[in-house]
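J.: Below are the structure tokens for one structure; questions will follow.
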Protein chains: 2
Amino acid sequence: MAEKSAREGISRKEASESHEVEVSATSLRHRRGRPGGKRASTTYDDILSAARYEFSRQGFDKVTLRAIARRAGCDPKLIHYYFGGKDELFTKAAQQIIGDSHLLDLFIQQDAKRASCVDGSLGVTLIRAFLKFMETTEPGEAYLSLVRNAGRDDHARDLMVALVRGELTSDRLKAIKTDRIEKRMVLVGSQMLGLIMARDVFRVEPLASMSPGALARIIGPTLDRYLYADLCW
Amino acid sequence: MAEKSAREGISRKEASESHEVEVSATSLRHRRGRPGGKRASTTYDDILSAARYEFSRQGFDKVTLRAIARRAGCDPKLIHYYFGGKDELFTKAAQQIIGDSHLLDLFIQQDAKRASCVDGSLGVTLIRAFLKFMETTEPGEAYLSLVRNAGRDDHARDLMVALVRGELTSDRLKAIKTDRIEKRMVLVGSQMLGLIMARDVFRVEPLASMSPGALARIIGPTLDRYLYADLCW
DNA sequence: AACAATATTCACCGTTTGATGAATATAGTG
DNA sequence: CACTATATTCATCAAACGGTGAATATTGTT
């Protein structure tokens with residue numbers, strides 16, 4: 001307990017001595033100090049990316065700030081420096097999905113154009129576009145982290161509810177003409193949610209190794225029925 | 001910091017003094033020593049019960065052995081004494097949760113008998129029995145907590161995988177004759193999982209306020225198709 | 001050159017967690 | 001009564017976690 005100040009003094013001296021020589025171009029990313037204009041530090045984005053990676057693969061509690069910092073290649077303190085704390089970091093990482101969800105709409109349009117002659121069913125198109133969306137790393141990771149953490153985090157839960165209800169995605173879905181569209185929508189959402197949970201979160205076999213095309217052919221008709229059939233309410 | 005040992009000494013004395021008098025029938029449970037034959041200590045079962053309670057409401061990581069011991073009214077060390085460690089305790093507790101899943105089978109049989117003339121579809125029966133199972137407080141809560149925590153808890157995940165694959169439930173499901181039963185099973189599981197997630201975890205409206213009967217009529221045919229139809233693999 | 005803003009590192013803290021070793025009380029057994 | 005198996009408590013441990021304060025390096029600004 002008395003050696004505290006002494007140890008600090010020694011290690012600090014040693015550190016400054018050993019660093020002074022090897023300030024090469026490779027360590028540009030790790031250099032201290034105010035960044036030069038457009039060549040600003042990428043650390044902020046690195047942390048956010050690493051956070052999305054970790055949160056999409058593990059739950060909030062299991063993810064450690066130290067692991068995120070390790071992946072981002074920075075000191076753990078920088079997470080607090082940039083984001084404040086673990087909760088704020090998760091919020092920021094999860095919010096990225098809102099901005100990315102227009103991609104789903106894009107995929108739906110693309111898929112509908114390309115495959116309309118072969119398989120024009122809206123349900124099949126939906127599944128295929130959604131699975132492609134999930135494979136697109138950035139938004140897919142964010143979405144997964146939402147699904148995974150929605151049981152605990154209120155912010156994630158609210159986003160999930162909106163997604164299941166189809167509020168955030170797909171103008172085409174909103175435009176279809178059918179009765180009781182709200183109920184039909186949540187039925188579609190429940191099946192897609194279950195698919196993603198089983199396939200990407202739980203990784204249940206043989207579901208996880210089935211091809212997106214096969215899944216679309218099998219599950220698509222379910223969505224079609226939810227959307228168009230007479231469901232004898 | 002210097003008062004620690006002093007405080008401990010005092011409390012120890014006080015405790016032993018206050019206990020000595022009131023060794024009545026109520027504190028029979030907390031007495032030390034070798035238990036009398038059939039009147040053995042209930043601590044083992046108390047711990048297991050407390051563990052099930054805690055694990056079914058929070059994930060494996062969030063549950064602390066101290067909290068379980070507090071609920072069981074015993075010293076934390078006894079958990080290690082009886083079970084070895086946290087993992088072994090969870091395994092034992094989870095086996096009891098699984099043991100309850102025979103109820104689902106029972107509900108399926110009951111529902112099939114009662115409603116066979118009105119609606120004999122296996123899919124409809126499945127949904128109806130499953131929703132009734134979820135309403136049955138004890139196993140329903142445990143199941144729900146598994147779903148809620150499976151995203152961030154590996155232990156819960158393993159149980160969920162088994163449940164989604166239908167391995168733990170329903171002799172009737174196992175007995176049906178159809179091709180590719182494994183794939184068909186996980187498709188059924190995915191839709192039921194999505195339904196429970198959307199309805200009971202996220203509580204998405206208007207899904208959450210729909211009657212079990214209506215849900216069974218709407219979603220049942222989906223399961224029938226997954227179980228029996230030609231799915232053009 | 002002096003100063004302020006930014007970026008990064010280091011050492012450390014308090015808390016909580018699962019776990020362990022030693023001691024101790026009680027009841028059956030011979 | 002002596003002895004042993006069982007049941008319980010206490011005191012502590014090392015590790016990991018999120019978070020904090022202070023120092024330091026680098027750049028832009030004046």
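Naming scheme: A, B, ... for chains in displayed order of the structure tokens; residues 1 onward per chain; ligands 1 onward as shown.
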At most 12 Å is the cut-off: for each residue in chain C with any atom that close to an atom of chain A, write down the nearest atom pair and the distance in Å rounded to one decimal, counting only C-alpha atoms (C1' of nucleotides), chain first then increasing number, as a Markdown table.
T.:
```
| residue | atom | partner | partner_atom | distance |
| --- | --- | --- | --- | --- |
| C:DA4 | C1' | A:Arg34 | CA | 10.8 |
| C:DA5 | C1' | A:Arg34 | CA | 7.0 |
| C:DT6 | C1' | A:Arg34 | CA | 4.1 |
| C:DA7 | C1' | A:Gly33 | CA | 4.6 |
| C:DT8 | C1' | A:Arg32 | CA | 5.0 |
| C:DT9 | C1' | A:Asp75 | CA | 7.1 |
| C:DC10 | C1' | A:Arg12 | CA | 7.6 |
| C:DA11 | C1' | A:Glu8 | CA | 6.8 |
| C:DC12 | C1' | A:Lys4 | CA | 9.4 |
```
J.: Output the contact residues of chain D with respect to chain A at a cut-off of 9 Å, based on only C-alpha atoms (C1' of nucleotides), as a list in words.
T.: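 Per the criterion, chain D yields DC17, DG18, DG19, DT24, DA25, DT26, DT27 and DG28 of chain D.
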J.: Compile the residues of chain B that lie within 9 Å of chain A, evaluated using only C-alpha atoms, and express the compilation as an MDAnalysis selection string.
T.: chainID B and resid 61:62 147:153 157:158 160:162 164:165 182:183 186:187 189:199 201:207 214:215 217:219 222 225:226 231:233
J.: How far is it from atom CA of B:Asp224 to atom CA of B:Arg128, in Å with one decimal?
T.: 13.3 Å
J.: What is the atom C1' of D:DA14-atom C1' of C:DT16 distance in Å, reported with one decimal?
T.: 12.4 Å
J.: Using only C-alpha atoms (C1' of nucleotides), determine which residues lie at most 12 Å from D:DA15, disregarding the query and same-chain residues fewer than 6 positions distant; provide the list as a compact mmCIF listing (two decimals) with C-alpha atoms (C1' of nucleotides), in the first residue's frame.
T.:
```
# COMPACT_ATOMS: atom_id res chain seq x y z
C1' DT C 16 -19.72 -8.41 -7.13
C1' DT C 17 -19.13 -12.93 -8.45
C1' DG C 18 -18.33 -18.10 -7.92
C1' DA C 19 -15.63 -20.68 -5.17
```
J.: How many Å lie between atom CA of B:Phe130 and atom CA of B:Ala175, rounded to one decimal?
T.: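 According to the coordinates, atom CA of B:Phe130 and atom CA of B:Ala175 are separated by 17.8 Å.
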